[in-house]
Amino acid sequence: MRVVYLIAGAGGMYCGACLRDNRLAVTLLDQGRDFFLLPLYTPIKTDEQDATQSPVLFGGVSAYLEEKFALFRKPLPIIDRLLDSRVMLGLVSKFAASTNAADLGPLTVSVLQGRNGHQSKEVDRVLATLSAIDPDVVNLPNLMLAGLVKPIKDALNIPVVCTLAGEDIFLDALTDPYRRQAFDLIAEAGRDVDAFVSPTQYYADHAAGHFALSRDRVRIIPMGVHVEDFDAPAPAADQPFTIGYLARICHDKGLHVLADAFIELAREHDDIHLQVAGYLGSADRRYFRQVRGRLTSAGLEDRCTFLGEIDRDQKRRFLSQLHAFSVPTVYAESKGMYIIEAMAAGVPVVQPRKGAFPELIDGRDAGIVYDDDSPAGLTQALGELIADRGLQQSLSAGARAVARQHHTDQLMAEATWSLYESLSS
């Protein structure tokens, strides 16, 4: 059986969906599976081996220009090669993450229209590449590419799987009439999808209702990581208590909530530290200055470390120094790859009771889920760990165990391949 997985680049930054999809590809290829990972929009950014096996398809620059100017909708071989080159896409990726979702309504709808949209040239390129590979199953990376479902089925007559990747955040930010049109197109295309894959129970239920998908075709396959990469020993109990944040630095991820909680905790505890790492886009720099300014005004600048974006080796060292981990998102998280990685490293996670967090943490002795969605709730939860190092160590051991029992890349790969086999038989 041969499978093609389309992976959507995230515009020059790390994202949980890309990390998950690339890790799946690496694991399946290591197992000797006949598997192809093809990039869309932009080159992917991953902190592991890049498993993509072709030039970028459905290039982000080309798709944008085809939406804006009719000239680019025609075949332009020399110009098309330039626009889809890794150099060009790499340059544009530096700005893509700062694009406001509300401004992308027309492009989003057009892509969802498939061959009827302005990007039909890109659809044809995808189909030509797929036809040359001749797969038995194709896996789309998210619902925003549902416009490819019918063209793929018409051309190849094979099952199509669609991964659910937290696209509700982007699609909900669209303005009408584009939001309404996008949802209608997704619901229509979703009827032809053979199976959806959700990383969590929460998002399986939410996405099915939110996008009018058939719930009985949504399979839950938990995210997995290469847990062997996170086997470093936990920090000693007598070391300064260190709280970590590793995610994109933006309002939605809730760094300001963690900063406010840290300020409160520092009033009672002299020996605690905060380490912050993650991608910072130009649109979020003012936000970050405000958060950092609050910590400086509280006299805590020397107890905070800001690392910026970190690679995989730096991530391992970062996690190995932590006694607690928190990314207190202000939205309902669908995935939480950062939670899985922290648990694999034996770091207790402290998260608000919303989205996927309860099922990842609650009842597993891997961390604390707090009910009060505010700095006060986070302050209390972290305070419990600071005051009780025995609890912190117990949850550290529990977090490691949970990752190794439920969230390995091998488990993820086996479940995914079994799904493909059931559809292609």
# chains A, B, ... in the order shown; residues from 1 in each chain; ligands from 1
$ residues_around --residues "His407 (chain A)" --least-positions-apart "4" --cutoff "12 Å" --atoms "only C-alpha atoms" --output "ChimeraX atom specification"
/A:20,24,199-200,221-228,336-337,339-344,360,399-403,411-415
$ residues_around --residues "Leu419 (chain A)" --least-positions-apart "4" --cutoff "12 Å" --atoms "only C-alpha atoms" --output "JSON, numbers by chain"
{"A": [1, 3, 137, 138, 139, 159, 160, 161, 162, 194, 195, 196, 197, 217, 218, 219, 220, 221, 412, 413, 414, 415, 423, 424, 425]}
$ write_last_selection --atoms "N, CA and C atoms" --output "PDB file, in the first residue's frame"
ATOM      1  N   MET A   1       0.845  -1.194   0.000  1.00  0.00           N
ATOM      2  CA  MET A   1       0.000   0.000   0.000  1.00  0.00           C
ATOM      3  C   MET A   1       0.882   1.246   0.000  1.00  0.00           C
ATOM      4  N   VAL A   3       0.946   5.456   0.357  1.00  0.00           N
ATOM      5  CA  VAL A   3       0.193   6.583   0.913  1.00  0.00           C
ATOM      6  C   VAL A   3       0.940   7.880   0.637  1.00  0.00           C
ATOM      7  N   VAL A 137      -3.915   5.778  -1.014  1.00  0.00           N
ATOM      8  CA  VAL A 137      -4.625   6.673  -0.085  1.00  0.00           C
ATOM      9  C   VAL A 137      -3.916   8.024  -0.110  1.00  0.00           C
ATOM     10  N   VAL A 138      -4.693   9.096  -0.019  1.00  0.00           N
ATOM     11  CA  VAL A 138      -4.129  10.443   0.149  1.00  0.00           C
ATOM     12  C   VAL A 138      -4.667  11.026   1.446  1.00  0.00           C
ATOM     13  N   ASN A 139      -3.771  11.653   2.223  1.00  0.00           N
ATOM     14  CA  ASN A 139      -4.141  12.289   3.490  1.00  0.00           C
ATOM     15  C   ASN A 139      -3.930  13.795   3.376  1.00  0.00           C
ATOM     16  N   PRO A 159      -9.399   6.439  -1.633  1.00  0.00           N
ATOM     17  CA  PRO A 159      -9.847   7.060  -0.384  1.00  0.00           C
ATOM     18  C   PRO A 159      -9.040   8.316  -0.055  1.00  0.00           C
ATOM     19  N   VAL A 160      -9.723   9.284   0.538  1.00  0.00           N
ATOM     20  CA  VAL A 160      -9.079  10.514   0.997  1.00  0.00           C
ATOM     21  C   VAL A 160      -9.336  10.671   2.488  1.00  0.00           C
ATOM     22  N   VAL A 161      -8.268  10.870   3.232  1.00  0.00           N
ATOM     23  CA  VAL A 161      -8.321  11.117   4.672  1.00  0.00           C
ATOM     24  C   VAL A 161      -8.005  12.587   4.901  1.00  0.00           C
ATOM     25  N   CYS A 162      -8.613  13.177   5.905  1.00  0.00           N
ATOM     26  CA  CYS A 162      -8.313  14.573   6.256  1.00  0.00           C
ATOM     27  C   CYS A 162      -8.016  14.668   7.744  1.00  0.00           C
ATOM     28  N   ASP A 194     -13.340  10.118   3.342  1.00  0.00           N
ATOM     29  CA  ASP A 194     -13.554   8.757   3.840  1.00  0.00           C
ATOM     30  C   ASP A 194     -13.318   8.639   5.335  1.00  0.00           C
ATOM     31  N   ALA A 195     -12.387   9.420   5.864  1.00  0.00           N
ATOM     32  CA  ALA A 195     -12.141   9.414   7.309  1.00  0.00           C
ATOM     33  C   ALA A 195     -11.434  10.704   7.696  1.00  0.00           C
ATOM     34  N   PHE A 196     -11.777  11.186   8.872  1.00  0.00           N
ATOM     35  CA  PHE A 196     -11.078  12.326   9.471  1.00  0.00           C
ATOM     36  C   PHE A 196     -10.250  11.793  10.637  1.00  0.00           C
ATOM     37  N   VAL A 197      -9.123  12.426  10.891  1.00  0.00           N
ATOM     38  CA  VAL A 197      -8.270  12.044  12.016  1.00  0.00           C
ATOM     39  C   VAL A 197      -8.157  13.225  12.966  1.00  0.00           C
ATOM     40  N   ARG A 217     -17.262   9.226  11.198  1.00  0.00           N
ATOM     41  CA  ARG A 217     -16.085   9.059  10.349  1.00  0.00           C
ATOM     42  C   ARG A 217     -14.856   9.752  10.924  1.00  0.00           C
ATOM     43  N   VAL A 218     -14.972  10.271  12.141  1.00  0.00           N
ATOM     44  CA  VAL A 218     -13.830  10.923  12.794  1.00  0.00           C
ATOM     45  C   VAL A 218     -13.142   9.913  13.705  1.00  0.00           C
ATOM     46  N   ARG A 219     -11.901   9.594  13.398  1.00  0.00           N
ATOM     47  CA  ARG A 219     -11.104   8.673  14.205  1.00  0.00           C
ATOM     48  C   ARG A 219     -10.161   9.478  15.100  1.00  0.00           C
ATOM     49  N   ILE A 220      -9.947   9.009  16.298  1.00  0.00           N
ATOM     50  CA  ILE A 220      -9.054   9.689  17.238  1.00  0.00           C
ATOM     51  C   ILE A 220      -7.730   8.937  17.286  1.00  0.00           C
ATOM     52  N   ILE A 221      -6.669   9.607  16.868  1.00  0.00           N
ATOM     53  CA  ILE A 221      -5.323   9.046  16.932  1.00  0.00           C
ATOM     54  C   ILE A 221      -4.460  10.039  17.698  1.00  0.00           C
ATOM     55  N   MET A 412       1.346   6.192  17.391  1.00  0.00           N
ATOM     56  CA  MET A 412       0.687   7.062  16.415  1.00  0.00           C
ATOM     57  C   MET A 412       0.807   6.473  15.014  1.00  0.00           C
ATOM     58  N   ALA A 413       1.989   6.001  14.650  1.00  0.00           N
ATOM     59  CA  ALA A 413       2.212   5.466  13.314  1.00  0.00           C
ATOM     60  C   ALA A 413       1.414   4.184  13.091  1.00  0.00           C
ATOM     61  N   GLU A 414       1.396   3.306  14.076  1.00  0.00           N
ATOM     62  CA  GLU A 414       0.663   2.046  13.933  1.00  0.00           C
ATOM     63  C   GLU A 414      -0.828   2.290  13.752  1.00  0.00           C
ATOM     64  N   ALA A 415      -1.386   3.197  14.556  1.00  0.00           N
ATOM     65  CA  ALA A 415      -2.821   3.481  14.448  1.00  0.00           C
ATOM     66  C   ALA A 415      -3.151   4.135  13.118  1.00  0.00           C
ATOM     67  N   LEU A 423      -9.092   1.447   4.925  1.00  0.00           N
ATOM     68  CA  LEU A 423      -9.760   2.195   3.865  1.00  0.00           C
ATOM     69  C   LEU A 423      -9.401   1.690   2.476  1.00  0.00           C
ATOM     70  N   SER A 424      -8.189   1.169   2.325  1.00  0.00           N
ATOM     71  CA  SER A 424      -7.741   0.766   0.998  1.00  0.00           C
ATOM     72  C   SER A 424      -8.063  -0.692   0.670  1.00  0.00           C
ATOM     73  N   SER A 425      -8.499  -1.439   1.661  1.00  0.00           N
ATOM     74  CA  SER A 425      -8.769  -2.861   1.419  1.00  0.00           C
ATOM     75  C   SER A 425     -10.079  -3.076   0.685  1.00  0.00           C
TER      76      SER A 425
END
$ closest_residue --among "A:Ala165, A:Leu156, A:Leu185, A:Ala376" --to "Asn116 (chain A)" --atoms "only C-alpha atoms"
A:Leu185
$ closest_residue --among "A:Ile133, A:Ile272, A:Leu164, A:Ala261" --to "Ala387 (chain A)" --atoms "only C-alpha atoms"
A:Ile272
